[in-house]
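J.: Take a look at coords22.pdb, PDB, C-alpha atoms:
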```
ATOM      1  CA  MET J   1     108.463 109.568  77.840
ATOM      2  CA  SER J   2     104.838 108.829  76.946
ATOM      3  CA  ARG J   3     104.475 106.151  79.630
ATOM      4  CA  PRO J   4     103.870 107.777  83.017
ATOM      5  CA  ILE J   5     105.660 107.443  86.311
ATOM      6  CA  LEU J   6     103.204 106.370  89.015
ATOM      7  CA  ILE J   7     103.832 108.070  92.358
ATOM      8  CA  ALA J   8     102.146 106.388  95.309
ATOM      9  CA  TYR J   9     101.299 109.229  97.665
ATOM     10  CA  ASP J  10      99.859 109.336 101.190
ATOM     11  CA  GLY J  11     100.611 112.922 102.214
ATOM     12  CA  SER J  12     103.308 111.940 104.702
ATOM     13  CA  PRO J  13     106.673 113.698 104.912
ATOM     14  CA  ALA J  14     108.220 110.500 103.528
ATOM     15  CA  ALA J  15     105.915 110.633 100.479
ATOM     16  CA  ASP J  16     106.728 114.327  99.979
ATOM     17  CA  ASN J  17     110.431 113.499 100.095
ATOM     18  CA  ALA J  18     109.995 110.587  97.671
ATOM     19  CA  THR J  19     108.168 112.860  95.226
ATOM     20  CA  ARG J  20     110.907 115.511  95.383
ATOM     21  CA  GLU J  21     113.724 112.950  95.056
ATOM     22  CA  ALA J  22     111.991 111.264  92.116
ATOM     23  CA  GLY J  23     111.599 114.662  90.468
ATOM     24  CA  ALA J  24     115.334 115.259  90.806
ATOM     25  CA  LEU J  25     115.907 112.055  88.835
ATOM     26  CA  LEU J  26     112.947 112.063  86.449
ATOM     27  CA  ALA J  27     111.959 115.712  85.860
ATOM     28  CA  GLY J  28     110.098 116.196  82.604
ATOM     29  CA  TRP J  29     108.297 112.844  82.766
ATOM     30  CA  ARG J  30     104.536 112.611  82.956
ATOM     31  CA  ALA J  31     103.451 111.476  86.426
ATOM     32  CA  ILE J  32     100.277 110.125  87.939
ATOM     33  CA  VAL J  33     100.059 110.830  91.658
ATOM     34  CA  LEU J  34      97.970 108.047  93.159
ATOM     35  CA  VAL J  35      96.142 108.101  96.477
ATOM     36  CA  VAL J  36      94.348 104.910  97.490
ATOM     37  CA  TRP J  37      91.446 105.189  99.909
ATOM     38  CA  LYS J  38      89.368 102.470 101.508
ATOM     39  CA  ALA J  39      85.713 102.419 100.418
ATOM     40  CA  GLY J  40      83.331 100.956 102.974
ATOM     41  CA  LEU J  41      85.519 101.931 105.897
ATOM     42  CA  GLY J  42      82.607 103.863 107.412
ATOM     43  CA  PHE J  43      80.618 100.645 107.640
ATOM     44  CA  GLU J  44      83.595  98.833 109.179
ATOM     45  CA  LEU J  45      84.022 101.586 111.772
ATOM     46  CA  ALA J  46      80.306 101.647 112.619
ATOM     47  CA  GLU J  47      80.596  98.100 113.949
ATOM     48  CA  LEU J  48      84.034  98.420 115.540
ATOM     49  CA  PRO J  49      83.425  99.974 118.987
ATOM     50  CA  THR J  50      80.996  97.348 120.261
ATOM     51  CA  ALA J  51      82.670  94.406 118.547
ATOM     52  CA  THR J  52      86.031  95.153 120.175
ATOM     53  CA  ILE J  53      84.593  94.922 123.700
ATOM     54  CA  GLY J  54      82.519  91.800 123.082
ATOM     55  CA  LEU J  55      79.085  93.381 122.766
ATOM     56  CA  PRO J  56      76.769  92.674 119.845
ATOM     57  CA  PRO J  57      77.133  95.124 116.934
ATOM     58  CA  SER J  58      75.158  98.334 117.312
ATOM     59  CA  GLN J  59      72.547  99.463 114.860
ATOM     60  CA  LEU J  60      74.337 100.527 111.718
ATOM     61  CA  ASP J  61      73.694 104.155 110.919
ATOM     62  CA  ILE J  62      73.938 104.032 107.151
ATOM     63  CA  ARG J  63      73.917 107.804 106.795
ATOM     64  CA  THR J  64      76.913 108.181 109.102
ATOM     65  CA  ALA J  65      78.798 105.376 107.349
ATOM     66  CA  LEU J  66      78.152 107.006 103.964
ATOM     67  CA  GLU J  67      79.291 110.372 105.335
ATOM     68  CA  VAL J  68      82.534 108.808 106.598
ATOM     69  CA  ASP J  69      83.152 107.307 103.159
ATOM     70  CA  GLU J  70      82.437 110.633 101.458
ATOM     71  CA  LEU J  71      84.848 112.407 103.823
ATOM     72  CA  GLN J  72      87.483 109.752 103.052
ATOM     73  CA  ARG J  73      86.948 110.250  99.310
ATOM     74  CA  GLU J  74      87.226 114.043  99.626
ATOM     75  CA  ARG J  75      90.375 113.759 101.751
ATOM     76  CA  ALA J  76      91.930 111.384  99.218
ATOM     77  CA  GLN J  77      91.155 113.811  96.396
ATOM     78  CA  ARG J  78      92.731 116.717  98.304
ATOM     79  CA  LEU J  79      95.817 114.596  99.048
ATOM     80  CA  ALA J  80      96.143 113.555  95.400
ATOM     81  CA  GLU J  81      95.881 117.191  94.273
ATOM     82  CA  GLN J  82      98.453 118.217  96.900
ATOM     83  CA  GLY J  83     100.783 115.462  95.681
ATOM     84  CA  ALA J  84     100.276 116.475  92.047
ATOM     85  CA  ARG J  85     101.161 120.094  92.896
ATOM     86  CA  LEU J  86     104.307 118.909  94.683
ATOM     87  CA  ALA J  87     105.194 116.654  91.744
ATOM     88  CA  GLY J  88     104.706 119.604  89.393
ATOM     89  CA  GLU J  89     107.078 121.686  91.526
ATOM     90  CA  ALA J  90     109.559 118.786  91.356
ATOM     91  CA  GLY J  91     109.526 118.898  87.547
ATOM     92  CA  PHE J  92     106.866 116.362  86.589
ATOM     93  CA  ASP J  93     103.916 116.954  84.293
ATOM     94  CA  ALA J  94     101.582 115.622  86.990
ATOM     95  CA  GLU J  95      97.959 114.624  87.354
ATOM     96  CA  ALA J  96      96.079 113.493  90.457
ATOM     97  CA  LEU J  97      94.283 110.148  90.702
ATOM     98  CA  THR J  98      92.300 108.628  93.550
ATOM     99  CA  VAL J  99      91.244 104.994  93.637
ATOM    100  CA  ALA J 100      88.733 103.480  96.053
ATOM    101  CA  ASP J 101      89.397  99.973  97.250
ATOM    102  CA  GLU J 102      87.817  97.535  99.652
ATOM    103  CA  PRO J 103      89.243  97.528 103.209
ATOM    104  CA  GLU J 104      90.598  93.985 102.866
ATOM    105  CA  VAL J 105      92.615  94.699  99.696
ATOM    106  CA  GLU J 106      96.264  95.582 100.304
ATOM    107  CA  VAL J 107      97.288  99.061  99.160
ATOM    108  CA  ALA J 108     100.359  97.568  97.447
ATOM    109  CA  GLU J 109      98.100  95.378  95.333
ATOM    110  CA  THR J 110      96.060  98.395  94.255
ATOM    111  CA  ILE J 111      99.186 100.382  93.381
ATOM    112  CA  VAL J 112     100.510  97.521  91.244
ATOM    113  CA  THR J 113      97.131  97.106  89.526
ATOM    114  CA  VAL J 114      96.938 100.818  88.668
ATOM    115  CA  ALA J 115     100.550 100.759  87.429
ATOM    116  CA  ARG J 116      99.678  97.874  85.124
ATOM    117  CA  GLU J 117      96.426  99.480  83.913
ATOM    118  CA  ARG J 118      98.165 102.814  83.213
ATOM    119  CA  ASP J 119     101.201 101.129  81.628
ATOM    120  CA  ALA J 120     103.492 102.904  84.089
ATOM    121  CA  GLN J 121     107.172 103.199  83.206
ATOM    122  CA  ALA J 122     108.005 102.943  86.919
ATOM    123  CA  VAL J 123     106.456 103.281  90.369
ATOM    124  CA  VAL J 124     107.739 105.604  93.084
ATOM    125  CA  VAL J 125     107.057 104.668  96.716
ATOM    126  CA  ALA J 126     108.315 105.968 100.035
ATOM    127  CA  ALA J 127     109.834 103.650 102.606
ATOM    128  CA  HIS J 128     108.537 104.957 105.919
ATOM    129  CA  GLY J 129     111.079 103.223 108.131
ATOM    130  CA  HIS J 130     108.600 101.679 110.556
ATOM    131  CA  GLY J 131     109.967  99.505 113.332
ATOM    132  CA  PRO J 132     109.673  95.711 113.123
ATOM    133  CA  LEU J 133     106.398  95.478 115.065
ATOM    134  CA  THR J 134     104.696  98.243 113.098
ATOM    135  CA  GLU J 135     105.974  96.707 109.872
ATOM    136  CA  LEU J 136     104.470  93.364 110.866
ATOM    137  CA  VAL J 137     101.075  94.899 111.683
ATOM    138  CA  LEU J 138     100.877  97.383 108.811
ATOM    139  CA  GLY J 139     102.272  95.158 106.122
ATOM    140  CA  GLY J 140     104.813  97.046 104.147
ATOM    141  CA  THR J 141     103.400  98.816 101.149
ATOM    142  CA  SER J 142     106.765  99.577  99.578
ATOM    143  CA  ARG J 143     107.915  95.975 100.090
ATOM    144  CA  GLY J 144     104.659  94.679  98.570
ATOM    145  CA  VAL J 145     105.000  96.936  95.528
ATOM    146  CA  VAL J 146     108.602  95.849  94.975
ATOM    147  CA  ARG J 147     107.586  92.214  95.220
ATOM    148  CA  LYS J 148     104.536  92.428  92.914
ATOM    149  CA  ALA J 149     105.259  95.170  90.351
ATOM    150  CA  GLU J 150     106.074  94.267  86.773
ATOM    151  CA  CYS J 151     107.893  97.561  86.183
ATOM    152  CA  PRO J 152     110.864  99.162  87.962
ATOM    153  CA  VAL J 153     110.158 100.531  91.443
ATOM    154  CA  LEU J 154     111.992 103.495  92.932
ATOM    155  CA  VAL J 155     111.910 103.198  96.722
ATOM    156  CA  VAL J 156     112.934 106.408  98.446
ATOM    157  CA  ARG J 157     113.893 105.988 102.077
ATOM    158  CA  GLU J 158     112.465 108.359 104.621
ATOM    159  CA  GLN J 159     114.737 111.360 105.086
ATOM    160  CA  PRO J 160     116.375 111.359 108.538
ATOM    161  CA  ALA J 161     115.116 114.200 110.746
ATOM    162  CA  SER J 162     118.614 115.601 111.255
ATOM    163  CA  ARG J 163     119.306 115.716 107.523
ATOM    164  CA  GLY J 164     115.924 117.324 106.785
ATOM    165  CA  ALA J 165     116.427 119.934 109.483
ATOM    166  CA  ALA J 166     119.803 120.870 108.075
ATOM    167  CA  GLY J 167     118.289 121.313 104.629
ATOM    168  CA  ALA J 168     120.767 118.972 102.961
TER     169      ALA J 168
END
```
In structure tokens, write the structure found in this file.
T.:
Amino acid sequence: MSRPILIAYDGSPAADNATREAGALLAGWRAIVLVVWKAGLGFELAELPTATIGLPPSQLDIRTALEVDELQRERAQRLAEQGARLAGEAGFDAEALTVADEPEVEVAETIVTVARERDAQAVVVAAHGHGPLTELVLGGTSRGVVRKAECPVLVVREQPASRGAAGA
């Protein structure tokens, strides 16, 4: 049990459920709770409003872009710590990890890279159950991890609202 379980975490109810379900199966294992955030997103957003309506890009306010990135980093750290606490409650010996990535890099690729670098025993991901159009636009992080990972992947489907409300 020296190789960790990597839990991909985004703070969603589906990720919370995946963490709890994985704990029911793998309690006692060491876990790394990973949150991926997009570095440079502040710079991307600074150009977005004018570019989307066909106007030339506005002057880039570097300070604002850096502040957005710092807020993203802080939010990712809080999410990772929240996920690690939840994983601890689920029976894992958990630690939080945040990784910054470029906006054009797929989250699934980053998860697989971290799993490889940390010699993960397995990866846990939540399947959010997006509709076909959303899936097409967003990609499909869980599908990408399954396709690219070199280790086993535990995909936990999003808990139906009726089942979650009943507490079962």
J.: Atom CA of Gln77 of chain J and atom CA of Ala27 of chain J, how far apart in Å?
T.: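 Result for atom CA of Ala27 of chain J versus atom CA of Gln77 of chain J: 23.4 Å, one decimal.
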J.: What does the structure give for the distance between atom CA of Val68 of chain J and atom CA of Gly40 of chain J, in Å to one decimal?
T.: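 Rounded to one decimal, the two atoms are 8.7 Å apart.
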J.: How many Å separate atom CA of Gln72 of chain J from atom CA of Trp37 of chain J?
T.: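 We find that atom CA of Gln72 of chain J and atom CA of Trp37 of chain J lie 6.8 Å from each other.
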J.: Calculated over only C-alpha atoms, which of the candidates J:Ile111, J:Val124, J:Val146, J:Ala22 has the smallest distance to Ala90 of chain J?
T.: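 Result for the nearest residue to Ala90 of chain J: J:Ala22.
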J.: Kindly indicate which residue among J:Ala115, J:Ile5, J:Leu41, J:Leu79 lies nearest to Ala149 of chain J, using only C-alpha atoms for the distances.
T.: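 Checking each of J:Ala115, J:Ile5, J:Leu41, J:Leu79 against Ala149 of chain J, counting only C-alpha atoms, the winner is J:Ala115.
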J.: For Gly83 of chain J, find every residue with an atom within 8 Å (counting all atoms listed in the file), except residues of its own chain fewer than 3 positions away, and show them as a ChimeraX atom specification.
T.: /J:9,11,16,19,33,79-80,86-87,96
J.: So, with all atoms listed in the file as the atoms that count, which of J:Ala76, J:Ala24, J:Ile7, J:Ile32 lies closest to Glu95 of chain J?
T.: J:Ile32
J.: Kindly indicate which residue among J:Ala94, J:Ala127, J:Val155, J:Ile62 lies nearest to Leu34 of chain J, using only C-alpha atoms for the distances.
T.: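 Of all the options, J:Ala94 lies closest to Leu34 of chain J.
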J.: Counting all atoms listed in the file, which residues come within 6 Å of (108.2, 114.3, 85.1), with the point read in the file's coordinates, and could you list them as a PyMOL selection string?
T.: chain J and resi 26-31+91-93
J.: Step by step, work through what the PyMOL selection byres ((chain J and resi 148) around 10) selects in the shown file, and finish by giving those residues as a list in words.
T.: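 Selected by the PyMOL selection byres ((chain J and resi 148) around 10) here: Ala108, Glu109, Ile111, Val112, Thr113, Arg143, Gly144, Val145, Val146, Arg147, Ala149, Glu150, Cys151 and Val153 of chain J.
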J.: Written as an MDAnalysis selection string, what is the full residue list that the PyMOL selection byres ((chain J and resi 98) around 6) yields on the file shown?
T.: chainID J and resid 34:36 97 99
J.: So which residues get picked by the PyMOL selection byres ((chain J and resi 106) around 10) here, written as a compact mmCIF listing (two decimals) with C-alpha atoms, in the coordinates of the input?
T.:
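Result went into part-v8.txt, see below:
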```txt
# COMPACT_ATOMS: atom_id res chain seq x y z
CA VAL J 36 94.35 104.91 97.49
CA LYS J 38 89.37 102.47 101.51
CA ASP J 101 89.40 99.97 97.25
CA GLU J 102 87.82 97.54 99.65
CA PRO J 103 89.24 97.53 103.21
CA GLU J 104 90.60 93.98 102.87
CA VAL J 105 92.62 94.70 99.70
CA VAL J 107 97.29 99.06 99.16
CA ALA J 108 100.36 97.57 97.45
CA GLU J 109 98.10 95.38 95.33
CA THR J 110 96.06 98.40 94.26
CA ILE J 111 99.19 100.38 93.38
CA LEU J 138 100.88 97.38 108.81
CA GLY J 139 102.27 95.16 106.12
CA GLY J 140 104.81 97.05 104.15
CA THR J 141 103.40 98.82 101.15
CA GLY J 144 104.66 94.68 98.57
```
J.: Any idea what's packed within 7 Å of Val125 of chain J, counting all atoms listed in the file, ignoring anything in its chain fewer than 4 positions away? Could you give it as a PyMOL selection string?
T.: chain J and resi 7-8+18+142+154-156
J.: Dump segment 77-143 of chain J with C-alpha atoms to a file, as a compact mmCIF listing (two decimals), in the first residue's frame.
T.:
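Saved as decode-v7.txt:
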```txt
# COMPACT_ATOMS: atom_id res chain seq x y z
CA GLN J 77 -5.51 24.96 -2.92
CA ARG J 78 -8.68 25.32 -0.83
CA LEU J 79 -10.45 22.73 -3.00
CA ALA J 80 -7.54 20.30 -2.69
CA GLU J 81 -7.52 20.71 1.10
CA GLN J 82 -11.30 20.23 1.20
CA GLY J 83 -10.95 17.07 -0.90
CA ALA J 84 -8.13 15.77 1.31
CA ARG J 85 -10.29 16.29 4.42
CA LEU J 86 -13.15 14.41 2.76
CA ALA J 87 -10.78 11.63 1.69
CA GLY J 88 -9.49 11.42 5.27
CA GLU J 89 -13.07 11.07 6.53
CA ALA J 90 -13.57 8.32 3.93
CA GLY J 91 -10.65 6.34 5.36
CA PHE J 92 -7.69 7.45 3.26
CA ASP J 93 -4.38 8.77 4.56
CA ALA J 94 -4.75 11.82 2.31
CA GLU J 95 -2.68 14.76 1.17
CA ALA J 96 -3.68 17.70 -1.02
CA LEU J 97 -1.92 18.57 -4.28
CA THR J 98 -2.55 21.38 -6.75
CA VAL J 99 -1.02 21.49 -10.20
CA ALA J 100 -1.02 24.50 -12.52
CA ASP J 101 -1.36 23.82 -16.21
CA GLU J 102 -1.64 25.86 -19.37
CA PRO J 103 -5.20 26.59 -20.59
CA GLU J 104 -4.74 24.52 -23.76
CA VAL J 105 -3.65 21.34 -21.93
CA GLU J 106 -6.46 18.87 -21.24
CA VAL J 107 -7.12 18.19 -17.56
CA ALA J 108 -7.16 14.44 -18.28
CA GLU J 109 -3.63 14.68 -19.65
CA THR J 110 -2.45 16.44 -16.49
CA ILE J 111 -4.12 13.85 -14.25
CA VAL J 112 -2.45 11.00 -16.15
CA THR J 113 0.93 12.76 -16.02
CA VAL J 114 0.68 13.27 -12.25
CA ALA J 115 -0.42 9.65 -11.79
CA ARG J 116 2.64 8.50 -13.70
CA GLU J 117 5.01 10.87 -11.85
CA ARG J 118 3.63 9.80 -8.44
CA ASP J 119 3.57 6.11 -9.39
CA ALA J 120 -0.13 5.93 -8.54
CA GLN J 121 -1.65 2.52 -7.87
CA ALA J 122 -4.92 3.76 -9.39
CA VAL J 123 -6.78 6.94 -10.32
CA VAL J 124 -10.25 7.84 -9.06
CA VAL J 125 -12.40 10.13 -11.23
CA ALA J 126 -16.03 11.15 -11.14
CA ALA J 127 -18.25 10.77 -14.18
CA HIS J 128 -20.42 13.88 -14.14
CA GLY J 129 -23.11 12.60 -16.49
CA HIS J 130 -23.13 15.58 -18.84
CA GLY J 131 -25.46 15.47 -21.81
CA PRO J 132 -24.09 14.76 -25.30
CA LEU J 133 -23.64 18.42 -26.27
CA THR J 134 -21.90 19.37 -23.03
CA GLU J 135 -19.73 16.28 -23.31
CA LEU J 136 -18.71 17.30 -26.82
CA VAL J 137 -17.81 20.85 -25.75
CA LEU J 138 -16.17 20.03 -22.42
CA GLY J 139 -14.29 16.97 -23.53
CA GLY J 140 -14.74 14.25 -21.02
CA THR J 141 -12.10 14.20 -18.34
CA SER J 142 -13.04 10.78 -17.00
CA ARG J 143 -13.11 9.32 -20.53
```
